[in-house]
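Trainee: Just dropping this structure here.
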Amino acid sequence: IASHIDSPDLKAQLALPRGGALGMLGDPLAALRELESGVAAAEEAARQGADLQAMVGVRITCMTWAADNLWLMGFPDRALDVSNQALAASQSDEVAPPVRAQGLVGASTIAVLRKESEKAAAYADQLTTLSEQHDLPFGIAHGAISRGWAEARQGNAAEGICAMQMGLDRLAEVGTGMKRTFYLCLLAEASLDAGMLDVCETALREASNYAQEYEEVFYLAEIQRLRGALAYARGHEEQASRYYEQAIETAERQGAKMLQQMVSRAWTTLSQS
């Protein structure tokens with residue numbers, strides 16, 4: 001519709017949910033293209049006099065989601081660059097608190113994906129402080145999950161896993177489901193690393209059910225990889241092999257090269273141990 005009426009404002013506002021939906025459905029390339037078009041449209045709309053705050057919010061959200069898809073596609077450095085740009089653009093007192101929070105959500109997510117626990121913790125703490133000051137439930141929940149992941153990564157497994165579970169519960173309370181499979185995979189991996197296999201299994205079961213019910217399949221390959229790792233930890237090597245094969249096939253089909261590489265490396269390590 002927006003392309004026919006030549007409205008950059010409307011183009012930007014349509015690109016955001018479309019890009020988000022395409023990403024959740026496991027098409028990172030299509031999502032990236034849509035989100036990049038949203039960034040360009042938001043910038044043009046701002047130049048033409050559209051609501052500046054609204055366009056800043058669309059632009060920054062599109063950029064943070066684009067960074068996620070760049071990482072999935074196997075471009076971690078580009079993902080970090082886009083995330084840093086979004087964070088820099090968002091951290092101004094003139095920017096609305098929810099948009100500032102989105103910049104920190106994006107930065108902490110990329111830090112988690114890059115396994116940078118100190119950065120993830122720092123961003124999570126900033127996000128939590130901001131979100132508590134302005135009553136932003138999603139920011140509080142995401143901050144708890146990111147901080148919990150960092151704590152578990154740094155050796156404080158029990159405390160970190162508890163924080164992640166509290167963050168997931170908070171998301172459920174406020175009715176926010178987007179990226180739940182991602183958060184559940186973080187909890188599952190931390191629990192698996194800590195030897196808490198039942199907690200890992202519960203998280204993966206919920207992630208699998210959520211992916212199936214809501215078609216949030218962008219992280220399906222990681223769910224399958226972790227199911228394979230859990231099976232292996234319980235001594236079921238043939239079942240583990242099947243899960244890893246499924247994960248590689250899923251990542252390849254979706255064009256998620258980063259996940260494909262992660263699965264291949266993980267299986268090589270396990271099979272040689």
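Ligands are numbered from 1 in the order shown, chains are lettered A, B, ... in the order of the structure tokens, and residues start at 1 in each chain.
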Excluding segment 201-209 of chain A and residues on its chain fewer than 5 positions from it, collect all residues at most 12 Å away from it, counting only C-alpha atoms, and give them as a PDB file with N, CA, C and O atoms, in the first residue's frame.

Mentor:
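The new file around.pdb reads:
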```pdb
ATOM      1  N   ILE A 161      20.680 -18.668  36.396  1.00  0.00           N
ATOM      2  CA  ILE A 161      19.514 -19.399  35.893  1.00  0.00           C
ATOM      3  C   ILE A 161      18.243 -18.920  36.574  1.00  0.00           C
ATOM      4  O   ILE A 161      17.192 -18.773  35.931  1.00  0.00           O
ATOM      5  N   MET A 164      17.245 -15.694  34.951  1.00  0.00           N
ATOM      6  CA  MET A 164      16.676 -15.924  33.625  1.00  0.00           C
ATOM      7  C   MET A 164      15.238 -16.419  33.731  1.00  0.00           C
ATOM      8  O   MET A 164      14.356 -15.981  32.968  1.00  0.00           O
ATOM      9  N   GLN A 165      14.986 -17.315  34.654  1.00  0.00           N
ATOM     10  CA  GLN A 165      13.622 -17.824  34.841  1.00  0.00           C
ATOM     11  C   GLN A 165      12.679 -16.716  35.285  1.00  0.00           C
ATOM     12  O   GLN A 165      11.540 -16.635  34.815  1.00  0.00           O
ATOM     13  N   LEU A 168      11.865 -14.592  32.239  1.00  0.00           N
ATOM     14  CA  LEU A 168      10.894 -15.270  31.373  1.00  0.00           C
ATOM     15  C   LEU A 168       9.491 -15.209  31.977  1.00  0.00           C
ATOM     16  O   LEU A 168       8.503 -15.005  31.259  1.00  0.00           O
ATOM     17  N   GLY A 177       5.515 -12.196  23.891  1.00  0.00           N
ATOM     18  CA  GLY A 177       5.998 -13.502  23.485  1.00  0.00           C
ATOM     19  C   GLY A 177       7.105 -13.476  22.460  1.00  0.00           C
ATOM     20  O   GLY A 177       7.765 -14.497  22.230  1.00  0.00           O
ATOM     21  N   MET A 178       7.335 -12.330  21.825  1.00  0.00           N
ATOM     22  CA  MET A 178       8.315 -12.271  20.736  1.00  0.00           C
ATOM     23  C   MET A 178       9.708 -12.664  21.221  1.00  0.00           C
ATOM     24  O   MET A 178      10.165 -12.210  22.262  1.00  0.00           O
ATOM     25  N   LYS A 179      10.359 -13.536  20.471  1.00  0.00           N
ATOM     26  CA  LYS A 179      11.715 -14.035  20.754  1.00  0.00           C
ATOM     27  C   LYS A 179      11.765 -14.926  21.989  1.00  0.00           C
ATOM     28  O   LYS A 179      12.834 -15.171  22.538  1.00  0.00           O
ATOM     29  N   ARG A 180      10.626 -15.467  22.400  1.00  0.00           N
ATOM     30  CA  ARG A 180      10.636 -16.329  23.580  1.00  0.00           C
ATOM     31  C   ARG A 180      11.488 -17.574  23.341  1.00  0.00           C
ATOM     32  O   ARG A 180      12.156 -18.056  24.265  1.00  0.00           O
ATOM     33  N   THR A 181      11.473 -18.103  22.119  1.00  0.00           N
ATOM     34  CA  THR A 181      12.282 -19.289  21.846  1.00  0.00           C
ATOM     35  C   THR A 181      13.774 -18.982  22.040  1.00  0.00           C
ATOM     36  O   THR A 181      14.520 -19.834  22.524  1.00  0.00           O
ATOM     37  N   PHE A 182      14.187 -17.790  21.680  1.00  0.00           N
ATOM     38  CA  PHE A 182      15.583 -17.383  21.868  1.00  0.00           C
ATOM     39  C   PHE A 182      15.931 -17.369  23.354  1.00  0.00           C
ATOM     40  O   PHE A 182      16.950 -17.926  23.780  1.00  0.00           O
ATOM     41  N   TYR A 183      15.077 -16.738  24.151  1.00  0.00           N
ATOM     42  CA  TYR A 183      15.340 -16.651  25.586  1.00  0.00           C
ATOM     43  C   TYR A 183      15.343 -18.034  26.234  1.00  0.00           C
ATOM     44  O   TYR A 183      16.167 -18.326  27.105  1.00  0.00           O
ATOM     45  N   LEU A 184      14.424 -18.890  25.796  1.00  0.00           N
ATOM     46  CA  LEU A 184      14.370 -20.237  26.359  1.00  0.00           C
ATOM     47  C   LEU A 184      15.612 -21.046  25.998  1.00  0.00           C
ATOM     48  O   LEU A 184      16.088 -21.859  26.801  1.00  0.00           O
ATOM     49  N   CYS A 185      16.152 -20.813  24.811  1.00  0.00           N
ATOM     50  CA  CYS A 185      17.392 -21.504  24.431  1.00  0.00           C
ATOM     51  C   CYS A 185      18.560 -21.044  25.285  1.00  0.00           C
ATOM     52  O   CYS A 185      19.441 -21.847  25.638  1.00  0.00           O
ATOM     53  N   LEU A 186      18.593 -19.764  25.628  1.00  0.00           N
ATOM     54  CA  LEU A 186      19.644 -19.278  26.526  1.00  0.00           C
ATOM     55  C   LEU A 186      19.550 -19.978  27.872  1.00  0.00           C
ATOM     56  O   LEU A 186      20.568 -20.402  28.443  1.00  0.00           O
ATOM     57  N   LEU A 187      18.332 -20.104  28.382  1.00  0.00           N
ATOM     58  CA  LEU A 187      18.128 -20.802  29.652  1.00  0.00           C
ATOM     59  C   LEU A 187      18.508 -22.271  29.526  1.00  0.00           C
ATOM     60  O   LEU A 187      19.174 -22.832  30.416  1.00  0.00           O
ATOM     61  N   ALA A 188      18.122 -22.899  28.427  1.00  0.00           N
ATOM     62  CA  ALA A 188      18.422 -24.318  28.236  1.00  0.00           C
ATOM     63  C   ALA A 188      19.925 -24.560  28.185  1.00  0.00           C
ATOM     64  O   ALA A 188      20.429 -25.503  28.813  1.00  0.00           O
ATOM     65  N   GLU A 189      20.639 -23.725  27.449  1.00  0.00           N
ATOM     66  CA  GLU A 189      22.085 -23.923  27.328  1.00  0.00           C
ATOM     67  C   GLU A 189      22.785 -23.700  28.661  1.00  0.00           C
ATOM     68  O   GLU A 189      23.684 -24.467  29.037  1.00  0.00           O
ATOM     69  N   ALA A 190      22.385 -22.663  29.384  1.00  0.00           N
ATOM     70  CA  ALA A 190      22.994 -22.404  30.689  1.00  0.00           C
ATOM     71  C   ALA A 190      22.724 -23.570  31.641  1.00  0.00           C
ATOM     72  O   ALA A 190      23.610 -23.993  32.400  1.00  0.00           O
ATOM     73  N   SER A 191      21.515 -24.105  31.602  1.00  0.00           N
ATOM     74  CA  SER A 191      21.165 -25.233  32.470  1.00  0.00           C
ATOM     75  C   SER A 191      21.938 -26.486  32.083  1.00  0.00           C
ATOM     76  O   SER A 191      22.408 -27.236  32.949  1.00  0.00           O
ATOM     77  N   LEU A 192      22.086 -26.712  30.786  1.00  0.00           N
ATOM     78  CA  LEU A 192      22.846 -27.871  30.315  1.00  0.00           C
ATOM     79  C   LEU A 192      24.300 -27.775  30.758  1.00  0.00           C
ATOM     80  O   LEU A 192      24.877 -28.750  31.256  1.00  0.00           O
ATOM     81  N   GLY A 195      24.773 -28.743  34.249  1.00  0.00           N
ATOM     82  CA  GLY A 195      24.385 -30.096  34.609  1.00  0.00           C
ATOM     83  C   GLY A 195      22.955 -30.214  35.106  1.00  0.00           C
ATOM     84  O   GLY A 195      22.566 -31.266  35.644  1.00  0.00           O
ATOM     85  N   MET A 196      22.146 -29.163  34.911  1.00  0.00           N
ATOM     86  CA  MET A 196      20.744 -29.166  35.356  1.00  0.00           C
ATOM     87  C   MET A 196      19.886 -29.654  34.183  1.00  0.00           C
ATOM     88  O   MET A 196      19.198 -28.887  33.512  1.00  0.00           O
ATOM     89  N   TYR A 214       3.286 -20.897  17.478  1.00  0.00           N
ATOM     90  CA  TYR A 214       3.292 -19.513  17.007  1.00  0.00           C
ATOM     91  C   TYR A 214       4.163 -19.294  15.769  1.00  0.00           C
ATOM     92  O   TYR A 214       4.325 -18.160  15.335  1.00  0.00           O
ATOM     93  N   GLU A 215       4.706 -20.373  15.229  1.00  0.00           N
ATOM     94  CA  GLU A 215       5.557 -20.304  14.034  1.00  0.00           C
ATOM     95  C   GLU A 215       6.760 -19.374  14.226  1.00  0.00           C
ATOM     96  O   GLU A 215       7.213 -18.740  13.282  1.00  0.00           O
ATOM     97  N   GLU A 216       7.255 -19.309  15.448  1.00  0.00           N
ATOM     98  CA  GLU A 216       8.470 -18.548  15.723  1.00  0.00           C
ATOM     99  C   GLU A 216       9.648 -19.514  15.563  1.00  0.00           C
ATOM    100  O   GLU A 216      10.097 -20.134  16.524  1.00  0.00           O
ATOM    101  N   VAL A 217      10.113 -19.650  14.328  1.00  0.00           N
ATOM    102  CA  VAL A 217      11.056 -20.718  14.007  1.00  0.00           C
ATOM    103  C   VAL A 217      12.455 -20.208  13.672  1.00  0.00           C
ATOM    104  O   VAL A 217      13.307 -20.980  13.236  1.00  0.00           O
ATOM    105  N   PHE A 218      12.704 -18.928  13.894  1.00  0.00           N
ATOM    106  CA  PHE A 218      14.023 -18.391  13.524  1.00  0.00           C
ATOM    107  C   PHE A 218      15.146 -19.034  14.319  1.00  0.00           C
ATOM    108  O   PHE A 218      16.300 -19.051  13.877  1.00  0.00           O
ATOM    109  N   TYR A 219      14.844 -19.586  15.497  1.00  0.00           N
ATOM    110  CA  TYR A 219      15.865 -20.217  16.334  1.00  0.00           C
ATOM    111  C   TYR A 219      15.634 -21.722  16.447  1.00  0.00           C
ATOM    112  O   TYR A 219      16.135 -22.365  17.363  1.00  0.00           O
ATOM    113  N   LEU A 220      14.877 -22.272  15.493  1.00  0.00           N
ATOM    114  CA  LEU A 220      14.558 -23.703  15.542  1.00  0.00           C
ATOM    115  C   LEU A 220      15.812 -24.562  15.476  1.00  0.00           C
ATOM    116  O   LEU A 220      15.903 -25.589  16.159  1.00  0.00           O
ATOM    117  N   ALA A 221      16.776 -24.171  14.652  1.00  0.00           N
ATOM    118  CA  ALA A 221      18.009 -24.957  14.548  1.00  0.00           C
ATOM    119  C   ALA A 221      18.736 -25.026  15.881  1.00  0.00           C
ATOM    120  O   ALA A 221      19.318 -26.061  16.235  1.00  0.00           O
ATOM    121  N   GLU A 222      18.683 -23.945  16.649  1.00  0.00           N
ATOM    122  CA  GLU A 222      19.329 -23.950  17.961  1.00  0.00           C
ATOM    123  C   GLU A 222      18.552 -24.827  18.944  1.00  0.00           C
ATOM    124  O   GLU A 222      19.161 -25.517  19.770  1.00  0.00           O
ATOM    125  N   ILE A 223      17.250 -24.820  18.849  1.00  0.00           N
ATOM    126  CA  ILE A 223      16.449 -25.724  19.675  1.00  0.00           C
ATOM    127  C   ILE A 223      16.843 -27.170  19.383  1.00  0.00           C
ATOM    128  O   ILE A 223      17.072 -27.978  20.294  1.00  0.00           O
ATOM    129  N   GLN A 224      16.952 -27.501  18.109  1.00  0.00           N
ATOM    130  CA  GLN A 224      17.306 -28.866  17.714  1.00  0.00           C
ATOM    131  C   GLN A 224      18.728 -29.204  18.150  1.00  0.00           C
ATOM    132  O   GLN A 224      18.995 -30.331  18.605  1.00  0.00           O
ATOM    133  N   ARG A 225      19.646 -28.252  18.017  1.00  0.00           N
ATOM    134  CA  ARG A 225      21.024 -28.509  18.457  1.00  0.00           C
ATOM    135  C   ARG A 225      21.063 -28.818  19.942  1.00  0.00           C
ATOM    136  O   ARG A 225      21.729 -29.773  20.393  1.00  0.00           O
ATOM    137  N   LEU A 226      20.352 -28.021  20.723  1.00  0.00           N
ATOM    138  CA  LEU A 226      20.370 -28.213  22.166  1.00  0.00           C
ATOM    139  C   LEU A 226      19.670 -29.502  22.571  1.00  0.00           C
ATOM    140  O   LEU A 226      20.081 -30.156  23.530  1.00  0.00           O
ATOM    141  N   ARG A 227      18.641 -29.889  21.830  1.00  0.00           N
ATOM    142  CA  ARG A 227      18.014 -31.192  22.102  1.00  0.00           C
ATOM    143  C   ARG A 227      19.020 -32.316  21.830  1.00  0.00           C
ATOM    144  O   ARG A 227      19.060 -33.328  22.546  1.00  0.00           O
ATOM    145  N   GLY A 228      19.834 -32.138  20.803  1.00  0.00           N
ATOM    146  CA  GLY A 228      20.879 -33.108  20.528  1.00  0.00           C
ATOM    147  C   GLY A 228      21.929 -33.138  21.623  1.00  0.00           C
ATOM    148  O   GLY A 228      22.371 -34.224  22.047  1.00  0.00           O
ATOM    149  N   ALA A 229      22.315 -31.965  22.092  1.00  0.00           N
ATOM    150  CA  ALA A 229      23.317 -31.905  23.166  1.00  0.00           C
ATOM    151  C   ALA A 229      22.779 -32.535  24.443  1.00  0.00           C
ATOM    152  O   ALA A 229      23.513 -33.221  25.169  1.00  0.00           O
ATOM    153  N   LEU A 230      21.498 -32.309  24.720  1.00  0.00           N
ATOM    154  CA  LEU A 230      20.883 -32.914  25.909  1.00  0.00           C
ATOM    155  C   LEU A 230      20.826 -34.434  25.770  1.00  0.00           C
ATOM    156  O   LEU A 230      21.140 -35.166  26.722  1.00  0.00           O
ATOM    157  N   ALA A 231      20.438 -34.909  24.594  1.00  0.00           N
ATOM    158  CA  ALA A 231      20.397 -36.359  24.365  1.00  0.00           C
ATOM    159  C   ALA A 231      21.784 -36.961  24.545  1.00  0.00           C
ATOM    160  O   ALA A 231      21.938 -38.039  25.145  1.00  0.00           O
ATOM    161  N   ALA A 233      24.219 -35.779  26.384  1.00  0.00           N
ATOM    162  CA  ALA A 233      24.575 -35.734  27.804  1.00  0.00           C
ATOM    163  C   ALA A 233      23.939 -36.882  28.575  1.00  0.00           C
ATOM    164  O   ALA A 233      24.474 -37.328  29.598  1.00  0.00           O
ATOM    165  N   ARG A 234      22.815 -37.388  28.065  1.00  0.00           N
ATOM    166  CA  ARG A 234      22.137 -38.505  28.723  1.00  0.00           C
ATOM    167  C   ARG A 234      22.534 -39.847  28.129  1.00  0.00           C
ATOM    168  O   ARG A 234      21.954 -40.877  28.465  1.00  0.00           O
TER     169      ARG A 234
END
```

Trainee: Can you pull out the residues contacting Arg78 of chain A? Cut-off 10 Å, using only C-alpha atoms, and skip same-chain residues under 5 positions away; I want them as a short mmCIF file (atom, residue, chain, number, x, y, z; two decimals) with all heavy atoms, in the first residue's frame.

Mentor:
```cif
data_model
loop_
_atom_site.label_atom_id
_atom_site.label_comp_id
_atom_site.auth_asym_id
_atom_site.auth_seq_id
_atom_site.Cartn_x
_atom_site.Cartn_y
_atom_site.Cartn_z
N ALA A 66 17.56 -5.71 12.44
CA ALA A 66 18.42 -6.02 11.30
C ALA A 66 19.73 -6.64 11.78
O ALA A 66 20.25 -7.58 11.16
CB ALA A 66 18.70 -4.76 10.49
N ALA A 67 20.27 -6.13 12.89
CA ALA A 67 21.51 -6.67 13.44
C ALA A 67 21.34 -8.15 13.81
O ALA A 67 22.22 -8.98 13.54
CB ALA A 67 21.94 -5.87 14.66
N LEU A 70 21.43 -10.12 10.59
CA LEU A 70 22.79 -10.16 10.04
C LEU A 70 23.62 -11.22 10.76
O LEU A 70 24.39 -11.96 10.14
CB LEU A 70 23.45 -8.79 10.16
CG LEU A 70 23.04 -7.75 9.12
CD1 LEU A 70 23.49 -6.36 9.55
CD2 LEU A 70 23.65 -8.10 7.76
N TRP A 71 23.47 -11.29 12.08
CA TRP A 71 24.22 -12.29 12.84
C TRP A 71 23.80 -13.69 12.40
O TRP A 71 24.66 -14.56 12.16
CB TRP A 71 23.99 -12.10 14.34
CG TRP A 71 24.81 -13.04 15.17
CD1 TRP A 71 26.08 -12.85 15.62
CD2 TRP A 71 24.43 -14.35 15.59
NE1 TRP A 71 26.51 -13.96 16.31
CE2 TRP A 71 25.52 -14.90 16.31
CE3 TRP A 71 23.27 -15.11 15.44
CZ2 TRP A 71 25.48 -16.17 16.87
CZ3 TRP A 71 23.22 -16.38 15.99
CH2 TRP A 71 24.32 -16.89 16.71
N SER A 83 24.36 -2.68 15.26
CA SER A 83 23.89 -2.58 16.64
C SER A 83 24.52 -1.38 17.34
O SER A 83 23.83 -0.64 18.07
CB SER A 83 24.22 -3.86 17.40
OG SER A 83 23.86 -3.76 18.76
N ASN A 84 25.80 -1.16 17.14
CA ASN A 84 26.48 -0.02 17.75
C ASN A 84 25.92 1.30 17.24
O ASN A 84 25.78 2.28 18.00
CB ASN A 84 27.98 -0.09 17.49
CG ASN A 84 28.67 -1.14 18.34
OD1 ASN A 84 28.14 -1.59 19.35
ND2 ASN A 84 29.87 -1.55 17.94
#
```

Trainee: DSSP on the backbone: what in segment 34-146 of chain A comes out alpha helix (DSSP H), as a ChimeraX atom specification?

Mentor: /A:34-47,52-72,76-90,97-113,117-134,137-146

Trainee: Residues at most 10 Å from segment 94-106 of chain A, counting only C-alpha atoms, excluding those fewer than 4 positions away in the same chain, as a PyMOL selection string?

Mentor: chain A and resi 52-54+56-61+63-68+80+82-90+110-112+120+122-131+133-136+138-140+142-143+146

Trainee: Since we have the selection now, will you write its residues out, keeping C-alpha atoms, as a PDB file, in the first residue's frame?

Mentor:
```pdb
ATOM      1  CA  LEU A  52      10.587  12.860  14.509  1.00  0.00           C
ATOM      2  CA  GLN A  53      10.253  10.823  17.704  1.00  0.00           C
ATOM      3  CA  ALA A  54       8.149   8.199  15.963  1.00  0.00           C
ATOM      4  CA  VAL A  56      13.573   7.668  15.419  1.00  0.00           C
ATOM      5  CA  GLY A  57      11.822   4.809  17.190  1.00  0.00           C
ATOM      6  CA  VAL A  58      11.083   2.971  13.944  1.00  0.00           C
ATOM      7  CA  ARG A  59      14.623   3.510  12.656  1.00  0.00           C
ATOM      8  CA  ILE A  60      16.335   2.264  15.811  1.00  0.00           C
ATOM      9  CA  THR A  61      14.070  -0.762  16.184  1.00  0.00           C
ATOM     10  CA  MET A  63      18.335  -1.408  13.014  1.00  0.00           C
ATOM     11  CA  THR A  64      18.423  -3.598  16.125  1.00  0.00           C
ATOM     12  CA  TRP A  65      16.304  -6.270  14.449  1.00  0.00           C
ATOM     13  CA  ALA A  66      18.423  -6.023  11.300  1.00  0.00           C
ATOM     14  CA  ALA A  67      21.511  -6.674  13.440  1.00  0.00           C
ATOM     15  CA  ASP A  68      19.941  -9.896  14.757  1.00  0.00           C
ATOM     16  CA  LEU A  80      27.884  -5.501  15.691  1.00  0.00           C
ATOM     17  CA  VAL A  82      24.672  -1.882  12.979  1.00  0.00           C
ATOM     18  CA  SER A  83      23.893  -2.579  16.639  1.00  0.00           C
ATOM     19  CA  ASN A  84      26.480  -0.017  17.753  1.00  0.00           C
ATOM     20  CA  GLN A  85      25.006   2.563  15.395  1.00  0.00           C
ATOM     21  CA  ALA A  86      21.533   1.939  16.785  1.00  0.00           C
ATOM     22  CA  LEU A  87      22.806   2.185  20.353  1.00  0.00           C
ATOM     23  CA  ALA A  88      24.644   5.457  19.679  1.00  0.00           C
ATOM     24  CA  ALA A  89      21.551   6.952  18.020  1.00  0.00           C
ATOM     25  CA  SER A  90      19.296   5.881  20.875  1.00  0.00           C
ATOM     26  CA  ILE A 110      24.383  -8.967  20.141  1.00  0.00           C
ATOM     27  CA  ALA A 111      26.721  -9.225  23.128  1.00  0.00           C
ATOM     28  CA  VAL A 112      24.968 -12.451  24.190  1.00  0.00           C
ATOM     29  CA  ALA A 120      26.059  -8.254  28.078  1.00  0.00           C
ATOM     30  CA  ALA A 122      26.898  -3.982  31.466  1.00  0.00           C
ATOM     31  CA  TYR A 123      24.177  -3.376  28.886  1.00  0.00           C
ATOM     32  CA  ALA A 124      21.693  -5.375  30.954  1.00  0.00           C
ATOM     33  CA  ASP A 125      22.380  -3.264  34.037  1.00  0.00           C
ATOM     34  CA  GLN A 126      21.913  -0.025  32.078  1.00  0.00           C
ATOM     35  CA  LEU A 127      18.704  -1.388  30.585  1.00  0.00           C
ATOM     36  CA  THR A 128      17.345  -2.474  33.958  1.00  0.00           C
ATOM     37  CA  THR A 129      18.058   0.915  35.541  1.00  0.00           C
ATOM     38  CA  LEU A 130      16.409   2.802  32.684  1.00  0.00           C
ATOM     39  CA  SER A 131      13.430   0.431  32.560  1.00  0.00           C
ATOM     40  CA  GLN A 133      12.920   4.416  36.171  1.00  0.00           C
ATOM     41  CA  HIS A 134      10.340   4.556  33.380  1.00  0.00           C
ATOM     42  CA  ASP A 135       8.275   1.431  34.132  1.00  0.00           C
ATOM     43  CA  LEU A 136       9.196  -0.542  31.016  1.00  0.00           C
ATOM     44  CA  PHE A 138       9.925  -5.668  28.670  1.00  0.00           C
ATOM     45  CA  GLY A 139      13.189  -3.893  29.403  1.00  0.00           C
ATOM     46  CA  ILE A 140      13.176  -5.160  32.982  1.00  0.00           C
ATOM     47  CA  HIS A 142      15.133  -8.629  29.028  1.00  0.00           C
ATOM     48  CA  GLY A 143      17.649  -7.102  31.441  1.00  0.00           C
ATOM     49  CA  SER A 146      20.704 -10.982  29.808  1.00  0.00           C
TER      50      SER A 146
END
```

Trainee: Considering only C-alpha atoms, can you say which of A:Lys11, A:Arg242, A:Lys257, A:Arg114 comes closest to Ala150 of chain A?

Mentor: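 Checking each of A:Lys11, A:Arg242, A:Lys257, A:Arg114 against Ala150 of chain A, counting only C-alpha atoms, the winner is A:Arg114.
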
Trainee: Under the rule that only C-alpha atoms are counted, which of A:Leu14, A:Cys200, A:Leu32, A:Ala158 is the nearest residue to Met55 of chain A?

Mentor: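 Closest residue, counting only C-alpha atoms: A:Leu14.
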
Trainee: Could you jot down the atom CA of Met166 of chain A to atom CA of Asp93 of chain A separation for me, Å, one decimal place?

Mentor: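 Atom-to-atom, atom CA of Met166 of chain A and atom CA of Asp93 of chain A are spaced 29.4 Å apart.
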
Trainee: Which one of A:Asn69, A:Gln260, A:Thr250, A:Ser108 sits closest to Leu29 of chain A if you count only C-alpha atoms?

Mentor: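 Among the listed residues, the smallest separation from Leu29 of chain A belongs to A:Asn69.
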
Trainee: For Ala211 of chain A, which residue among A:Asp6, A:Gly26, A:Leu259, A:Gly20 is the nearest when counting only C-alpha atoms?

Mentor: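 For Ala211 of chain A, the nearest of the candidates is A:Gly26.
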
Trainee: What does the distance from atom CA of Glu151 of chain A to atom CA of Asp198 of chain A come to in Å, to one decimal?

Mentor: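 Those two atoms sit 19.9 Å apart.
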
Trainee: Mind giving me the straight-line distance from atom CA of Ala251 of chain A to atom CA of Met73 of chain A in Å, one decimal?

Mentor: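 Separating atom CA of Ala251 of chain A from atom CA of Met73 of chain A is a distance of 9.5 Å.
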
Trainee: Excluding Ala12 of chain A and any residue of its chain fewer than 4 positions from it, enumerate the residues within 10 Å of it, using only C-alpha atoms, and give them as an NGL selection string.

Mentor: :A and (2 or 7-8 or 16-17 or 34-45 or 54-55 or 58-59 or 62)
